[in-house]
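Novice: Structure provided below as structure tokens; questions to follow.
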Amino acid sequence: MVIPIFLVLVFRVEAGSALGDARFFATGLLNRTFSYKEFREIEAENLRLRFELSQIKGDFVLEEIFVEKKFDSLEAKVYSRYPWNGRGRVVINKGTSHGVEEGMVVITKTGALFGEVGSVRNHQSEVISIFDPSWRSSVSLGESETKALLRGGQFPKLEFIPTDSEAKEGDFIKNISPDFPFGLLIGKVRSLAEDEFEPWLSADIDTAWRINELRNLMILVDFP
Amino acid sequence: MALNLERALIWLVLGFILYFLQDGRFLEAAGIVPNLILVFFFFSCFKEGDFKYGLLFIFGSALSVLIWAPFWLLDFLALFLVLMILYFAINLSPAGIFFNFVLSLLIATVIYSGVILPILFAVPIGANFVLGEFLYNLIVGSIIWAIFGPRAGMGGREVIR
């Protein structure tokens, strides 16, 4: 009896602290003011604010796909790029053993469209990017939502922009091809050009990413 | 002609390493990479005066392709075929070996980047890119030739160490 009393007296500070921690833990568990749903909402709001801030600053933007977390994704590392000139392809470190399949959509970590999975092996996949000459997809430009065709290549271009459209330099380019999530960011219009022999405009673009700077990509595993 | 085992091993290892560098787009400038495999294949053949060294160089590169980038094996095989055929065709030319070396670089670049890639793999490459790649290959090839090439330099075929 004497010994426990003696111990409590000697270690009263430590005992008080431990009891206090236990009380906080117990009340934290029962406290209903915190909810996971609210946490997700705050997280989404934070991303949305960053999105708006980057628009104000004129940078490329975080995409709604991440704000709303619509799709399950798998992160992959970029091994290497096509070693010669001409093709815009990369190899990533995820393959069939990770659930990757041909045709899956690949995006950058900031949520911009990168490309799609071309061929797959056990632990590696080849991704065809919008810098590949074989790339063709439909896009929309700016708030006017003018439709155009994105043609891949070393310098991707927009084609078939109607001459009477409201498209202008600086317009954001977003995906409208059903092969990829709607509204996925691709880049910005750098300059529009008119060809006297064509009834359409074409445009040079600035992409939302540079192929030689990418180290990580995201594969959307449950799209469509 | 019997192979010098030491030299054969050097070309084999060099092929392995050079593809590794090619895979990392070594010396990329303004979006153009020199085709190191093409340059060093012809360099090995013309320097050694025997295509077997070039074959070993390509074999080393092929091993590297299989390890690092099996997705591009077909592209590599197409390049290899172009190089082999061209070497035998150009080697018949009576001109000096440096001239033949440069001619090989020009024709191989044009055929591979300007014809084979667009036709076989639907990769259209602009003429300016093909020209840019040739000039880059020529610069790299000339530097390599100046440093490690046969002492006869620009002229005859006779001096091969």
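Ordering of the structure tokens sets the chain letters (A, B, ...); residue numbers start at 1 within each chain; ligands are numbered from 1 in the order shown.
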Provide as number ranges by chain the residues of chain B at most 6 Å from chain A, counting only C-alpha atoms.

Specialist: B: 22-23, 25, 123, 125

Novice: Write out as an NGL selection string each polymer residue whose atoms come within 12 Å of Phe20 (chain B), counting only C-alpha atoms; drop sequence neighbours fewer than 2 positions from it.

Specialist: (:A and (79-83)) or (:B and (13-18 or 22-26 or 36-37 or 60-69))

Novice: For a quick check of understanding, using only C-alpha atoms, which of B:Asn100, B:Ser93, B:Ser44, B:Thr109 has the smallest distance to Ala8 (chain B)?

Specialist: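 Ranked by minimum distance to Ala8 (chain B), first place goes to B:Ser44.
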
Novice: Determine, counting only C-alpha atoms, which protein, DNA and RNA residues have an atom within 7 Å of an atom of Gly187 (chain A); residues of the same chain fewer than 2 positions away are not included. Present the result as a list in words.

Specialist: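 That gives Phe172, Ile173, Leu185, Val189, Ile205, Asp206, Thr207 and Ala208 of chain A.
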
Novice: Mind checking which residues fall within 12 Å of Asn91 (chain B), counting only C-alpha atoms, ignoring those fewer than 2 positions away in the same chain, and posting them as a PDB file with N, CA and C atoms, in the first residue's frame?

Specialist:
```
ATOM      1  N   PHE B  42      29.624   2.322 -88.074  1.00  0.00           N
ATOM      2  CA  PHE B  42      30.452   2.586 -89.255  1.00  0.00           C
ATOM      3  C   PHE B  42      31.899   2.859 -88.855  1.00  0.00           C
ATOM      4  N   CYS B  45      33.590  -0.458 -88.233  1.00  0.00           N
ATOM      5  CA  CYS B  45      33.824  -1.190 -89.480  1.00  0.00           C
ATOM      6  C   CYS B  45      34.971  -0.576 -90.279  1.00  0.00           C
ATOM      7  N   PHE B  46      34.921   0.754 -90.469  1.00  0.00           N
ATOM      8  CA  PHE B  46      35.937   1.402 -91.313  1.00  0.00           C
ATOM      9  C   PHE B  46      37.291   1.479 -90.609  1.00  0.00           C
ATOM     10  N   GLY B  49      38.514  -2.128 -90.539  1.00  0.00           N
ATOM     11  CA  GLY B  49      38.576  -2.726 -91.867  1.00  0.00           C
ATOM     12  C   GLY B  49      37.921  -4.093 -91.925  1.00  0.00           C
ATOM     13  N   ASP B  50      37.066  -4.377 -90.973  1.00  0.00           N
ATOM     14  CA  ASP B  50      36.409  -5.682 -90.921  1.00  0.00           C
ATOM     15  C   ASP B  50      35.034  -5.515 -90.272  1.00  0.00           C
ATOM     16  N   PHE B  51      34.001  -5.914 -90.990  1.00  0.00           N
ATOM     17  CA  PHE B  51      32.644  -5.681 -90.462  1.00  0.00           C
ATOM     18  C   PHE B  51      32.339  -6.535 -89.233  1.00  0.00           C
ATOM     19  N   LEU B  83      22.180  -0.629 -91.618  1.00  0.00           N
ATOM     20  CA  LEU B  83      23.618  -0.433 -91.446  1.00  0.00           C
ATOM     21  C   LEU B  83      24.425  -1.513 -92.152  1.00  0.00           C
ATOM     22  N   MET B  84      24.000  -2.768 -91.999  1.00  0.00           N
ATOM     23  CA  MET B  84      24.751  -3.873 -92.604  1.00  0.00           C
ATOM     24  C   MET B  84      24.745  -3.772 -94.124  1.00  0.00           C
ATOM     25  N   ILE B  85      23.547  -3.570 -94.682  1.00  0.00           N
ATOM     26  CA  ILE B  85      23.436  -3.504 -96.146  1.00  0.00           C
ATOM     27  C   ILE B  85      24.259  -2.344 -96.687  1.00  0.00           C
ATOM     28  N   LEU B  86      24.147  -1.203 -96.012  1.00  0.00           N
ATOM     29  CA  LEU B  86      24.871  -0.016 -96.483  1.00  0.00           C
ATOM     30  C   LEU B  86      26.374  -0.212 -96.399  1.00  0.00           C
ATOM     31  N   TYR B  87      26.820  -0.845 -95.333  1.00  0.00           N
ATOM     32  CA  TYR B  87      28.263  -1.027 -95.183  1.00  0.00           C
ATOM     33  C   TYR B  87      28.817  -1.826 -96.359  1.00  0.00           C
ATOM     34  N   PHE B  88      28.145  -2.915 -96.705  1.00  0.00           N
ATOM     35  CA  PHE B  88      28.636  -3.745 -97.804  1.00  0.00           C
ATOM     36  C   PHE B  88      28.552  -3.003 -99.138  1.00  0.00           C
ATOM     37  N   ALA B  89      27.518  -2.174 -99.300  1.00  0.00           N
ATOM     38  CA  ALA B  89      27.388  -1.423-100.556  1.00  0.00           C
ATOM     39  C   ALA B  89      28.478  -0.365-100.657  1.00  0.00           C
ATOM     40  N   SER B  93      32.993   1.056-102.734  1.00  0.00           N
ATOM     41  CA  SER B  93      33.428   2.314-103.325  1.00  0.00           C
ATOM     42  C   SER B  93      34.953   2.432-103.253  1.00  0.00           C
ATOM     43  N   PRO B  94      35.577   2.894-104.331  1.00  0.00           N
ATOM     44  CA  PRO B  94      37.044   3.000-104.326  1.00  0.00           C
ATOM     45  C   PRO B  94      37.561   4.231-103.589  1.00  0.00           C
ATOM     46  N   ALA B  95      36.659   5.064-103.097  1.00  0.00           N
ATOM     47  CA  ALA B  95      37.096   6.303-102.434  1.00  0.00           C
ATOM     48  C   ALA B  95      37.796   5.986-101.109  1.00  0.00           C
ATOM     49  N   GLY B  96      38.381   7.023-100.480  1.00  0.00           N
ATOM     50  CA  GLY B  96      39.077   6.863 -99.202  1.00  0.00           C
ATOM     51  C   GLY B  96      38.118   6.477 -98.090  1.00  0.00           C
ATOM     52  N   ILE B  97      38.674   5.919 -97.019  1.00  0.00           N
ATOM     53  CA  ILE B  97      37.773   5.398 -95.981  1.00  0.00           C
ATOM     54  C   ILE B  97      37.033   6.502 -95.240  1.00  0.00           C
ATOM     55  N   PHE B  98      37.658   7.678 -95.102  1.00  0.00           N
ATOM     56  CA  PHE B  98      36.936   8.753 -94.410  1.00  0.00           C
ATOM     57  C   PHE B  98      35.744   9.204 -95.256  1.00  0.00           C
ATOM     58  N   PHE B  99      35.996   9.318 -96.575  1.00  0.00           N
ATOM     59  CA  PHE B  99      34.902   9.709 -97.473  1.00  0.00           C
ATOM     60  C   PHE B  99      33.771   8.673 -97.382  1.00  0.00           C
ATOM     61  N   ASN B 100      34.145   7.407 -97.418  1.00  0.00           N
ATOM     62  CA  ASN B 100      33.131   6.344 -97.318  1.00  0.00           C
ATOM     63  C   ASN B 100      32.386   6.396 -95.982  1.00  0.00           C
ATOM     64  N   PHE B 101      33.130   6.730 -94.940  1.00  0.00           N
ATOM     65  CA  PHE B 101      32.542   6.844 -93.599  1.00  0.00           C
ATOM     66  C   PHE B 101      31.474   7.944 -93.590  1.00  0.00           C
ATOM     67  N   VAL B 102      31.840   9.106 -94.134  1.00  0.00           N
ATOM     68  CA  VAL B 102      30.889  10.235 -94.153  1.00  0.00           C
ATOM     69  C   VAL B 102      29.689   9.903 -95.040  1.00  0.00           C
ATOM     70  N   LEU B 103      29.977   9.293 -96.192  1.00  0.00           N
ATOM     71  CA  LEU B 103      28.891   8.911 -97.104  1.00  0.00           C
ATOM     72  C   LEU B 103      27.935   7.927 -96.404  1.00  0.00           C
ATOM     73  N   SER B 104      28.517   7.008 -95.642  1.00  0.00           N
ATOM     74  CA  SER B 104      27.688   6.036 -94.908  1.00  0.00           C
ATOM     75  C   SER B 104      26.788   6.745 -93.904  1.00  0.00           C
ATOM     76  N   ARG B 157      43.144   3.688 -97.856  1.00  0.00           N
ATOM     77  CA  ARG B 157      42.510   2.630 -97.088  1.00  0.00           C
ATOM     78  C   ARG B 157      43.546   1.790 -96.355  1.00  0.00           C
TER      79      ARG B 157
END
```

Novice: Excluding same-chain residues fewer than 6 positions from Tyr112 (chain B), what lies within 8 Å of it counting only C-alpha atoms, as a ChimeraX atom specification?

Specialist: /B:78-79,82

Novice: Emit the selected residues as a PDB file, in the first residue's frame, including C-alpha atoms.

Specialist:
```pdb
ATOM      1  CA  ALA B  78      15.558  -2.192 -88.734  1.00  0.00           C
ATOM      2  CA  LEU B  79      18.502   0.091 -87.995  1.00  0.00           C
ATOM      3  CA  VAL B  82      20.115  -0.723 -92.868  1.00  0.00           C
TER       4      VAL B  82
END
```

Novice: Fewer than 5 positions away in the same chain doesn't count, so skip those; otherwise give me all residues within 12 Å of Ile147 (chain B), counting only C-alpha atoms, as an NGL selection string.

Specialist: :B and (43 or 47 or 140-142 or 153)

Novice: Let's have the selection written as a JSON list (two decimals), in the first residue's frame, with all heavy atoms.

Specialist:
```json
[["chain", "number", "residue", "atom", "x", "y", "z"],
["B", 43, "PHE", "N", 32.06, 3.54, -87.74],
["B", 43, "PHE", "CA", 33.42, 3.84, -87.28],
["B", 43, "PHE", "C", 34.17, 2.54, -87.01],
["B", 43, "PHE", "O", 35.32, 2.36, -87.43],
["B", 43, "PHE", "CB", 33.37, 4.72, -86.04],
["B", 43, "PHE", "CG", 34.73, 5.03, -85.50],
["B", 43, "PHE", "CD1", 35.59, 5.88, -86.18],
["B", 43, "PHE", "CD2", 35.17, 4.47, -84.31],
["B", 43, "PHE", "CE1", 36.86, 6.16, -85.70],
["B", 43, "PHE", "CE2", 36.44, 4.74, -83.82],
["B", 43, "PHE", "CZ", 37.27, 5.58, -84.52],
["B", 47, "LYS", "N", 37.26, 1.67, -89.32],
["B", 47, "LYS", "CA", 38.53, 1.75, -88.59],
["B", 47, "LYS", "C", 39.25, 0.40, -88.58],
["B", 47, "LYS", "O", 40.43, 0.31, -88.85],
["B", 47, "LYS", "CB", 38.30, 2.21, -87.15],
["B", 47, "LYS", "CG", 39.57, 2.21, -86.29],
["B", 47, "LYS", "CD", 39.26, 2.60, -84.87],
["B", 47, "LYS", "CE", 40.32, 2.13, -83.89],
["B", 47, "LYS", "NZ", 41.66, 2.65, -84.15],
["B", 140, "VAL", "N", 29.73, 14.40, -84.60],
["B", 140, "VAL", "CA", 30.19, 13.37, -83.64],
["B", 140, "VAL", "C", 31.17, 12.41, -84.33],
["B", 140, "VAL", "O", 32.24, 12.11, -83.80],
["B", 140, "VAL", "CB", 28.99, 12.60, -83.04],
["B", 140, "VAL", "CG1", 29.46, 11.45, -82.17],
["B", 140, "VAL", "CG2", 28.10, 13.53, -82.22],
["B", 141, "GLY", "N", 30.79, 11.97, -85.54],
["B", 141, "GLY", "CA", 31.64, 11.03, -86.28],
["B", 141, "GLY", "C", 33.01, 11.62, -86.58],
["B", 141, "GLY", "O", 34.03, 10.94, -86.43],
["B", 142, "SER", "N", 33.04, 12.89, -87.00],
["B", 142, "SER", "CA", 34.32, 13.53, -87.34],
["B", 142, "SER", "C", 35.21, 13.66, -86.12],
["B", 142, "SER", "O", 36.43, 13.46, -86.20],
["B", 142, "SER", "CB", 34.07, 14.92, -87.93],
["B", 142, "SER", "OG", 33.27, 14.81, -89.08],
["B", 153, "GLY", "N", 43.95, 9.03, -91.89],
["B", 153, "GLY", "CA", 43.01, 10.15, -91.88],
["B", 153, "GLY", "C", 42.08, 10.14, -93.08],
["B", 153, "GLY", "O", 41.38, 9.18, -93.33]]
```

Novice: DSSP on the backbone: which residues in region 97-160 of chain B end up as helix (DSSP H, G or I)? Give the answer as a ChimeraX atom specification.

Specialist: /B:97-121,127-148

Novice: Could you work out how far CA of Gly126 (chain B) lies from CA of Pro199 (chain A), giving the answer in Å with one decimal?

Specialist: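 A separation of 24.0 Å between them.
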
Novice: Report the distance between CA of Phe180 (chain A) and CA of Phe223 (chain A) in Å, rounded to one decimal place.

Specialist: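 Those two atoms sit 7.9 Å apart.
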